[in-house]
>>> print(open('entry01.cif').read())   # mmCIF, C-alpha atoms and all ligand atoms
data_entry
#
loop_
_atom_site.group_PDB
_atom_site.id
_atom_site.type_symbol
_atom_site.label_atom_id
_atom_site.label_comp_id
_atom_site.auth_asym_id
_atom_site.auth_seq_id
_atom_site.Cartn_x
_atom_site.Cartn_y
_atom_site.Cartn_z
ATOM 1 C CA MET A 9 -20.673 3.564 7.845
ATOM 2 C CA LYS A 10 -20.698 0.235 9.637
ATOM 3 C CA GLU A 11 -20.051 -2.255 6.910
ATOM 4 C CA LEU A 12 -17.000 -2.960 4.842
ATOM 5 C CA LYS A 13 -19.078 -3.015 1.658
ATOM 6 C CA ASP A 14 -19.643 0.732 2.186
ATOM 7 C CA PHE A 15 -15.915 1.540 2.374
ATOM 8 C CA PRO A 16 -15.518 4.840 0.482
ATOM 9 C CA LYS A 17 -14.103 4.696 -3.030
ATOM 10 C CA LEU A 18 -12.781 8.251 -2.653
ATOM 11 C CA ILE A 19 -10.897 9.444 0.427
ATOM 12 C CA LYS A 20 -9.753 13.051 0.697
ATOM 13 C CA VAL A 21 -6.593 12.854 2.790
ATOM 14 C CA GLN A 22 -5.844 16.578 2.614
ATOM 15 C CA ASP A 23 -5.929 19.342 0.000
ATOM 16 C CA GLY A 24 -4.391 17.907 -3.166
ATOM 17 C CA LEU A 25 -4.041 14.372 -1.782
ATOM 18 C CA GLU A 26 -6.717 11.747 -2.496
ATOM 19 C CA LEU A 27 -7.171 8.014 -2.546
ATOM 20 C CA ARG A 28 -9.309 6.814 -5.425
ATOM 21 C CA PHE A 29 -10.629 3.397 -6.338
ATOM 22 C CA THR A 30 -9.379 2.794 -9.881
ATOM 23 C CA GLU A 31 -12.003 1.666 -12.392
ATOM 24 C CA PRO A 32 -10.684 -1.183 -14.548
ATOM 25 C CA ILE A 33 -10.597 0.657 -17.849
ATOM 26 C CA PHE A 34 -7.712 0.667 -20.285
ATOM 27 C CA GLU A 35 -6.942 4.393 -19.901
ATOM 28 C CA ASN A 36 -6.357 3.854 -16.182
ATOM 29 C CA ALA A 37 -4.273 0.755 -16.865
ATOM 30 C CA LYS A 38 -2.026 2.670 -19.286
ATOM 31 C CA GLU A 39 -1.507 5.492 -16.783
ATOM 32 C CA LEU A 40 -0.651 3.086 -13.957
ATOM 33 C CA PHE A 41 1.560 0.929 -16.178
ATOM 34 C CA SER A 42 3.618 4.027 -17.150
ATOM 35 C CA LEU A 43 4.132 4.800 -13.475
ATOM 36 C CA VAL A 44 5.283 1.226 -12.792
ATOM 37 C CA VAL A 45 7.705 1.263 -15.753
ATOM 38 C CA LYS A 46 9.162 4.581 -14.570
ATOM 39 C CA ASN A 47 9.631 3.131 -11.084
ATOM 40 C CA ARG A 48 10.815 -0.417 -11.799
ATOM 41 C CA ASN A 49 14.262 0.036 -10.246
ATOM 42 C CA HIS A 50 12.780 1.770 -7.204
ATOM 43 C CA LEU A 51 10.124 -0.929 -6.596
ATOM 44 C CA LEU A 52 11.888 -4.102 -7.625
ATOM 45 C CA PRO A 53 13.997 -4.667 -4.478
ATOM 46 C CA TYR A 54 10.802 -5.084 -2.427
ATOM 47 C CA LEU A 55 7.844 -5.684 -4.768
ATOM 48 C CA GLU A 56 8.324 -8.603 -7.127
ATOM 49 C CA TRP A 57 5.190 -7.936 -9.149
ATOM 50 C CA SER A 58 7.017 -4.905 -10.577
ATOM 51 C CA HIS A 59 9.572 -7.111 -12.384
ATOM 52 C CA GLU A 60 9.206 -6.891 -16.151
ATOM 53 C CA THR A 61 8.369 -10.598 -16.340
ATOM 54 C CA ASN A 62 5.361 -10.017 -14.058
ATOM 55 C CA THR A 63 4.171 -6.627 -15.331
ATOM 56 C CA LYS A 64 5.242 -6.656 -18.947
ATOM 57 C CA THR A 65 2.534 -4.628 -20.695
ATOM 58 C CA ALA A 66 -0.432 -2.348 -19.977
ATOM 59 C CA GLU A 67 -2.625 -5.455 -20.492
ATOM 60 C CA ASP A 68 -1.028 -6.974 -17.363
ATOM 61 C CA THR A 69 -1.892 -3.811 -15.445
ATOM 62 C CA PHE A 70 -5.422 -3.926 -16.849
ATOM 63 C CA ARG A 71 -5.775 -7.504 -15.536
ATOM 64 C CA PHE A 72 -4.491 -6.276 -12.150
ATOM 65 C CA LEU A 73 -7.125 -3.496 -12.061
ATOM 66 C CA ASP A 74 -9.840 -5.942 -13.097
ATOM 67 C CA LYS A 75 -8.801 -8.381 -10.343
ATOM 68 C CA THR A 76 -8.668 -5.494 -7.876
ATOM 69 C CA ALA A 77 -12.249 -4.497 -8.755
ATOM 70 C CA ASN A 78 -13.373 -8.105 -8.188
ATOM 71 C CA GLU A 79 -11.540 -8.238 -4.872
ATOM 72 C CA TRP A 80 -13.287 -5.022 -3.826
ATOM 73 C CA GLU A 81 -16.604 -6.594 -4.795
ATOM 74 C CA SER A 82 -15.839 -9.732 -2.759
ATOM 75 C CA GLN A 83 -14.564 -7.538 0.107
ATOM 76 C CA THR A 84 -11.197 -9.283 0.272
ATOM 77 C CA LYS A 85 -8.954 -6.401 -0.799
ATOM 78 C CA PHE A 86 -9.488 -2.648 -0.993
ATOM 79 C CA ASP A 87 -6.865 -1.012 -3.155
ATOM 80 C CA PHE A 88 -6.606 2.672 -4.105
ATOM 81 C CA GLY A 89 -4.604 4.886 -6.401
ATOM 82 C CA ILE A 90 -2.795 7.679 -4.535
ATOM 83 C CA PHE A 91 -3.391 11.006 -6.323
ATOM 84 C CA HIS A 92 -1.239 14.037 -5.558
ATOM 85 C CA ASP A 93 -2.333 17.253 -7.269
ATOM 86 C CA ASN A 94 -4.526 15.059 -9.507
ATOM 87 C CA ASN A 95 -1.614 12.915 -10.693
ATOM 88 C CA ILE A 96 -1.327 9.244 -9.840
ATOM 89 C CA VAL A 97 1.781 8.769 -7.664
ATOM 90 C CA GLY A 98 1.310 5.314 -6.125
ATOM 91 C CA ARG A 99 -1.015 2.786 -4.549
ATOM 92 C CA ILE A 100 -2.148 1.816 -1.079
ATOM 93 C CA GLY A 101 -4.599 -0.797 0.091
ATOM 94 C CA PHE A 102 -5.662 -3.247 2.737
ATOM 95 C CA PHE A 103 -6.155 -6.984 2.424
ATOM 96 C CA LYS A 104 -6.088 -10.207 4.493
ATOM 97 C CA VAL A 105 -9.313 -8.896 5.960
ATOM 98 C CA ASP A 106 -10.480 -11.062 8.878
ATOM 99 C CA LEU A 107 -13.871 -10.009 10.155
ATOM 100 C CA LYS A 108 -13.713 -12.411 13.099
ATOM 101 C CA THR A 109 -10.671 -10.708 14.608
ATOM 102 C CA LYS A 110 -11.428 -7.376 12.905
ATOM 103 C CA SER A 111 -7.957 -7.241 11.436
ATOM 104 C CA CYS A 112 -6.235 -6.646 8.116
ATOM 105 C CA GLU A 113 -2.876 -5.858 6.553
ATOM 106 C CA LEU A 114 -1.850 -2.629 4.804
ATOM 107 C CA GLY A 115 0.483 -2.272 1.824
ATOM 108 C CA TYR A 116 1.710 0.692 -0.221
ATOM 109 C CA TRP A 117 4.175 2.037 -2.775
ATOM 110 C CA LEU A 118 4.970 5.480 -4.087
ATOM 111 C CA ASP A 119 6.608 7.065 -7.120
ATOM 112 C CA LYS A 120 10.292 7.726 -6.408
ATOM 113 C CA GLY A 121 9.840 11.440 -7.156
ATOM 114 C CA SER A 122 7.134 11.743 -4.498
ATOM 115 C CA VAL A 123 8.842 10.097 -1.514
ATOM 116 C CA GLY A 124 10.031 12.144 1.445
ATOM 117 C CA LYS A 125 6.939 14.379 1.656
ATOM 118 C CA GLY A 126 4.992 12.335 4.202
ATOM 119 C CA ILE A 127 2.488 11.221 1.558
ATOM 120 C CA VAL A 128 2.256 7.524 2.458
ATOM 121 C CA SER A 129 2.133 8.110 6.231
ATOM 122 C CA LYS A 130 -0.799 10.483 5.724
ATOM 123 C CA CYS A 131 -2.576 7.909 3.545
ATOM 124 C CA VAL A 132 -1.966 5.133 6.107
ATOM 125 C CA ARG A 133 -3.500 7.299 8.808
ATOM 126 C CA ALA A 134 -6.509 8.181 6.646
ATOM 127 C CA ILE A 135 -7.350 4.523 5.937
ATOM 128 C CA GLU A 136 -6.663 3.433 9.485
ATOM 129 C CA LYS A 137 -8.961 6.146 10.881
ATOM 130 C CA ILE A 138 -11.889 4.772 8.866
ATOM 131 C CA LEU A 139 -11.090 1.166 9.812
ATOM 132 C CA PHE A 140 -10.723 1.874 13.530
ATOM 133 C CA GLU A 141 -13.304 4.616 14.023
ATOM 134 C CA GLN A 142 -16.050 3.761 11.564
ATOM 135 C CA LEU A 143 -15.769 0.020 11.068
ATOM 136 C CA GLY A 144 -14.665 -1.093 14.520
ATOM 137 C CA PHE A 145 -11.459 -2.756 13.324
ATOM 138 C CA ASN A 146 -9.102 -3.736 16.116
ATOM 139 C CA ARG A 147 -5.758 -4.600 14.489
ATOM 140 C CA ILE A 148 -3.819 -3.482 11.419
ATOM 141 C CA VAL A 149 -0.573 -5.114 10.304
ATOM 142 C CA ILE A 150 2.228 -3.720 8.149
ATOM 143 C CA LYS A 151 4.889 -6.160 6.909
ATOM 144 C CA CYS A 152 8.106 -5.272 5.151
ATOM 145 C CA ASP A 153 11.461 -6.630 4.166
ATOM 146 C CA LYS A 154 13.998 -6.097 6.948
ATOM 147 C CA ASN A 155 16.172 -4.137 4.519
ATOM 148 C CA ASN A 156 13.314 -1.812 3.583
ATOM 149 C CA ILE A 157 14.196 0.936 6.035
ATOM 150 C CA GLU A 158 11.856 3.484 4.395
ATOM 151 C CA SER A 159 8.844 1.190 4.753
ATOM 152 C CA ALA A 160 9.680 0.293 8.373
ATOM 153 C CA LYS A 161 9.936 4.026 9.056
ATOM 154 C CA VAL A 162 6.381 4.529 7.715
ATOM 155 C CA ALA A 163 5.090 1.905 10.184
ATOM 156 C CA LEU A 164 6.995 3.371 13.130
ATOM 157 C CA ARG A 165 6.091 6.954 12.189
ATOM 158 C CA CYS A 166 2.408 5.965 12.219
ATOM 159 C CA GLY A 167 2.688 4.372 15.668
ATOM 160 C CA TYR A 168 2.886 0.682 14.699
ATOM 161 C CA LYS A 169 4.880 -1.575 17.041
ATOM 162 C CA GLN A 170 7.313 -4.190 15.828
ATOM 163 C CA GLU A 171 6.009 -7.612 16.857
ATOM 164 C CA ALA A 172 8.175 -10.050 14.969
ATOM 165 C CA GLU A 173 11.119 -10.718 12.715
ATOM 166 C CA LEU A 174 10.395 -13.606 10.359
ATOM 167 C CA ARG A 175 13.864 -14.855 9.509
ATOM 168 C CA GLU A 176 14.453 -15.961 5.906
ATOM 169 C CA CYS A 177 10.702 -16.485 5.499
ATOM 170 C CA ARG A 178 10.258 -15.447 1.885
ATOM 171 C CA LEU A 179 11.862 -16.382 -1.420
ATOM 172 C CA ARG A 180 12.638 -13.488 -3.727
ATOM 173 C CA VAL A 181 12.268 -15.257 -7.003
ATOM 174 C CA PHE A 182 14.019 -12.693 -9.201
ATOM 175 C CA ASN A 183 17.353 -13.113 -7.427
ATOM 176 C CA ASN A 184 16.700 -16.435 -5.683
ATOM 177 C CA THR A 185 17.439 -15.243 -2.150
ATOM 178 C CA LEU A 186 15.636 -15.806 1.133
ATOM 179 C CA THR A 187 14.643 -12.572 2.809
ATOM 180 C CA THR A 188 13.687 -11.640 6.347
ATOM 181 C CA ASP A 189 10.441 -9.773 7.023
ATOM 182 C CA LEU A 190 9.495 -7.479 9.898
ATOM 183 C CA VAL A 191 5.931 -7.477 11.220
ATOM 184 C CA PHE A 192 4.494 -4.293 12.696
ATOM 185 C CA ALA A 193 0.971 -3.909 14.100
ATOM 186 C CA LYS A 194 -1.272 -1.281 15.605
ATOM 187 C CA LEU A 195 -4.304 -1.916 17.798
ATOM 188 C CA LYS A 196 -7.248 0.427 18.100
ATOM 189 C CA SER A 197 -6.279 0.900 21.750
ATOM 190 C CA ASP A 198 -2.660 1.900 20.939
HETATM 191 C C1 LIG B 1 8.303 3.120 1.628
HETATM 192 C C2 LIG B 1 7.666 4.303 0.895
HETATM 193 C C3 LIG B 1 6.234 3.961 0.556
HETATM 194 C C4 LIG B 1 7.725 5.550 1.818
HETATM 195 O O1 LIG B 1 6.993 6.624 1.225
HETATM 196 P P1 LIG B 1 7.016 8.124 1.856
HETATM 197 O O2 LIG B 1 5.822 8.842 1.356
HETATM 198 O O3 LIG B 1 8.341 8.741 1.658
HETATM 199 O O4 LIG B 1 6.840 7.804 3.415
HETATM 200 P P2 LIG B 1 6.280 8.819 4.517
HETATM 201 O O5 LIG B 1 4.923 9.239 4.182
HETATM 202 O O6 LIG B 1 6.442 8.137 5.828
HETATM 203 O O7 LIG B 1 7.247 10.067 4.372
HETATM 204 C C5 LIG B 1 8.368 10.133 5.197
HETATM 205 C C6 LIG B 1 9.388 11.151 4.734
HETATM 206 O O8 LIG B 1 8.720 12.375 4.385
HETATM 207 C C7 LIG B 1 9.231 13.433 5.231
HETATM 208 N N1 LIG B 1 8.098 14.325 5.486
HETATM 209 C C8 LIG B 1 7.972 15.552 4.924
HETATM 210 N N2 LIG B 1 6.824 16.111 5.324
HETATM 211 C C9 LIG B 1 6.220 15.224 6.144
HETATM 212 C C10 LIG B 1 5.010 15.252 6.860
HETATM 213 N N3 LIG B 1 4.187 16.293 6.797
HETATM 214 N N4 LIG B 1 4.668 14.171 7.599
HETATM 215 C C11 LIG B 1 5.483 13.093 7.670
HETATM 216 N N5 LIG B 1 6.664 13.025 7.004
HETATM 217 C C12 LIG B 1 7.026 14.092 6.247
HETATM 218 C C13 LIG B 1 9.762 12.721 6.447
HETATM 219 O O9 LIG B 1 10.724 13.493 7.116
HETATM 220 C C14 LIG B 1 10.351 11.485 5.834
HETATM 221 O O10 LIG B 1 11.562 11.774 5.215
HETATM 222 P P3 LIG B 1 12.905 10.992 5.671
HETATM 223 O O11 LIG B 1 12.656 9.531 5.377
HETATM 224 O O12 LIG B 1 13.953 11.605 4.820
HETATM 225 O O13 LIG B 1 13.032 11.212 7.126
HETATM 226 C C15 LIG B 1 8.426 4.614 -0.431
HETATM 227 O O14 LIG B 1 9.761 4.829 -0.131
HETATM 228 C C16 LIG B 1 8.312 3.499 -1.472
HETATM 229 O O15 LIG B 1 7.379 3.467 -2.254
HETATM 230 N N6 LIG B 1 9.310 2.573 -1.507
HETATM 231 C C17 LIG B 1 9.354 1.521 -2.536
HETATM 232 C C18 LIG B 1 8.179 0.573 -2.455
HETATM 233 C C19 LIG B 1 8.066 -0.080 -1.116
HETATM 234 O O16 LIG B 1 9.058 -0.417 -0.494
HETATM 235 N N7 LIG B 1 6.824 -0.289 -0.639
HETATM 236 C C20 LIG B 1 6.587 -0.911 0.664
HETATM 237 C C21 LIG B 1 6.678 -2.375 0.581
HETATM 238 S S1 LIG B 1 6.487 -3.101 2.212
#
>>> encode(input="entry01.cif", output="structure tokens", more="lines below")
Ligand SMILES: CC(C)(COP(=O)(O)OP(=O)(O)OC[C@H]1O[C@@H](n2cnc3c(N)ncnc32)[C@H](O)[C@@H]1OP(=O)(O)O)[C@@H](O)C(=O)NCCC(=O)NCCS
Amino acid sequence: MKELKDFPKLIKVQDGLELRFTEPIFENAKELFSLVVKNRNHLLPYLEWSHETNTKTAEDTFRFLDKTANEWESQTKFDFGIFHDNNIVGRIGFFKVDLKTKSCELGYWLDKGSVGKGIVSKCVRAIEKILFEQLGFNRIVIKCDKNNIESAKVALRCGYKQEAELRECRLRVFNNTLTTDLVFAKLKSD
């Protein structure tokens, strides 16, 4: 594979762990919406889309899946469901794709009951391997809130280096506070 348009819609990370493109159908939206509702308190400190005013019903999640399919089509964002033992447990994807510099950013979240098993680190490595080895990407960025120790640990565990601390760069609308982000990156040569 040499072109982004051929990025696989199914990635087998290891036995019982897969990344799957999610077709925008209502069944899938309902399943994902239930996972978000179950995890609102876990996600809300760092992912504002999970607030009930942003993701209120399964229709909102359906619109998200539909948008995601369009973004895949336009090659601007490639977002997957994380499936553990055939159950959806989270999402991971890459976006801010820049073909001139061969770079992109990675993001992820996982069901609270599935953290602490190395799932997201394995998924990061699986996506990054395809980007670096098959598509000739040169740079992948992971950004997280400075207080999000678990997310920073994923980046460090996967060999990303901290490059910056963006002080009070982002407004968290739901509690009207300015938050500080950390920027981690990995080069193909690292
Ligand atoms: C951040 C988040 C994605 C981390 O998920 P995760 O799957 O636990 O992360 P990892 O894959 O790196 O797993 C690491 C943990 O699994 C343990 N582990 C078990 N087996 C492992 C293995 N084979 N390989 C690596 N780690 C393993 C590690 O020891 C570590 O546990 P520790 O933190 O107690 O030391 C998750 O906490 C989350 O969804 N948080 C809320 C949403 C969020 O913040 N998203 C990111 C926004 S920037």
>>> residues_near_ligand(input="entry01.cif", ligand="ligand LIG 1 (chain B)", cutoff="8 Å", atoms="all atoms listed in the file", output="number ranges by chain")
A: 50-55, 98, 115-120, 122-131, 150-153, 156-163, 165-166
>>> residues_around(input="entry01.cif", residues="Ile96 in chain A", least_positions_apart="6", cutoff="12 Å", atoms="all atoms listed in the file", output="ChimeraX atom specification")
/A:24-30,36-44,88-90,117-119,121-122
>>> residues_near_point(input="entry01.cif", point="(-17.0, -2.4, 5.9)", cutoff="9 Å", atoms="only C-alpha atoms", output="list in words")
Met9, Lys10, Glu11, Leu12, Lys13, Asp14, Phe15, Gln83, Leu139, Gln142 and Leu143 of chain A
>>> closest_residue(input="entry01.cif", among="A:Val97, A:Glu173, A:Glu79, A:Phe103", to="Lys46 in chain A", atoms="all atoms listed in the file")
A:Val97
>>> closest_residue(input="entry01.cif", among="A:Asn94, A:Asn183, A:Thr69, A:Gln170", to="Glu31 in chain A", atoms="all atoms listed in the file")
A:Thr69
>>> closest_residue(input="entry01.cif", among="A:Lys194, A:Phe86, A:Phe182, A:Asp106", to="Asn62 in chain A", atoms="all atoms listed in the file")
A:Phe182
>>> residues_around(input="entry01.cif", residues="Arg147 in chain A", least_positions_apart="6", cutoff="10 Å", atoms="all atoms listed in the file", output="JSON, numbers by chain")
{"A": [106, 109, 110, 111, 112, 113, 136, 139, 140, 193, 194, 195, 196, 197, 198]}
>>> atom_distance(input="entry01.cif", atom1="CA of Leu186 in chain A", atom2="CA of Arg48 in chain A")
20.7 Å
>>> atom_distance(input="entry01.cif", atom1="CA of Lys104 in chain A", atom2="CA of Asn155 in chain A")
23.1 Å
>>> atom_distance(input="entry01.cif", atom1="CA of Leu174 in chain A", atom2="CA of Lys85 in chain A")
23.5 Å
>>> closest_residue(input="entry01.cif", among="A:Cys177, A:Leu114, A:Ile135, A:Leu107", to="Ile148 in chain A", atoms="all atoms listed in the file")
A:Leu114
>>> closest_residue(input="entry01.cif", among="A:His59, A:Lys108, A:Arg133, A:Arg99", to="Tyr168 in chain A", atoms="all atoms listed in the file")
A:Arg133
>>> closest_residue(input="entry01.cif", among="A:Ala134, A:Glu81, A:Lys169, A:Leu179", to="Val191 in chain A", atoms="all atoms listed in the file")
A:Lys169
>>> axis_aligned_box(input="entry01.cif", around="range 177-192 of chain A", padding_each_side="5 Å", output="JSON")
{"center_x": 11.0, "center_y": -10.4, "center_z": 1.7, "size_x": 22.9, "size_y": 22.2, "size_z": 31.9}
>>> build_atoms(input="entry01.cif", residues="range 54-73 of chain A", atoms="N, CA and C atoms", output="compact mmCIF listing (two decimals), in the frame of the given file")
# COMPACT_ATOMS: atom_id res chain seq x y z
N TYR A 54 11.76 -4.66 -3.46
CA TYR A 54 10.80 -5.08 -2.43
C TYR A 54 9.47 -5.58 -2.97
N LEU A 55 9.16 -5.30 -4.22
CA LEU A 55 7.84 -5.68 -4.77
C LEU A 55 8.05 -6.45 -6.08
N GLU A 56 7.97 -7.76 -5.97
CA GLU A 56 8.32 -8.60 -7.13
C GLU A 56 7.37 -8.48 -8.30
N TRP A 57 6.13 -8.07 -8.03
CA TRP A 57 5.19 -7.94 -9.15
C TRP A 57 5.68 -6.88 -10.14
N SER A 58 6.58 -5.99 -9.69
CA SER A 58 7.02 -4.90 -10.58
C SER A 58 8.07 -5.38 -11.59
N HIS A 59 8.58 -6.59 -11.44
CA HIS A 59 9.57 -7.11 -12.38
C HIS A 59 8.96 -7.20 -13.78
N GLU A 60 9.78 -6.95 -14.79
CA GLU A 60 9.21 -6.89 -16.15
C GLU A 60 8.61 -8.22 -16.61
N THR A 61 9.00 -9.32 -15.95
CA THR A 61 8.37 -10.60 -16.34
C THR A 61 6.98 -10.73 -15.73
N ASN A 62 6.69 -9.95 -14.68
CA ASN A 62 5.36 -10.02 -14.06
C ASN A 62 4.42 -8.92 -14.57
N THR A 63 4.98 -7.74 -14.80
CA THR A 63 4.17 -6.63 -15.33
C THR A 63 4.85 -6.16 -16.61
N LYS A 64 4.50 -6.88 -17.69
CA LYS A 64 5.24 -6.66 -18.95
C LYS A 64 4.59 -5.57 -19.81
N THR A 65 3.25 -5.55 -19.81
CA THR A 65 2.53 -4.63 -20.70
C THR A 65 1.36 -4.00 -19.94
N ALA A 66 0.75 -2.99 -20.58
CA ALA A 66 -0.43 -2.35 -19.98
C ALA A 66 -1.58 -3.34 -19.82
N GLU A 67 -1.58 -4.42 -20.63
CA GLU A 67 -2.62 -5.46 -20.49
C GLU A 67 -2.48 -6.15 -19.13
N ASP A 68 -1.23 -6.36 -18.69
CA ASP A 68 -1.03 -6.97 -17.36
C ASP A 68 -1.61 -6.07 -16.28
N THR A 69 -1.37 -4.76 -16.44
CA THR A 69 -1.89 -3.81 -15.44
C THR A 69 -3.42 -3.76 -15.51
N PHE A 70 -3.96 -3.88 -16.72
CA PHE A 70 -5.42 -3.93 -16.85
C PHE A 70 -5.97 -5.13 -16.08
N ARG A 71 -5.32 -6.29 -16.25
CA ARG A 71 -5.78 -7.50 -15.54
C ARG A 71 -5.68 -7.28 -14.03
N PHE A 72 -4.63 -6.59 -13.58
CA PHE A 72 -4.49 -6.28 -12.15
C PHE A 72 -5.67 -5.42 -11.68
N LEU A 73 -6.02 -4.38 -12.46
CA LEU A 73 -7.12 -3.50 -12.06
C LEU A 73 -8.46 -4.25 -12.05
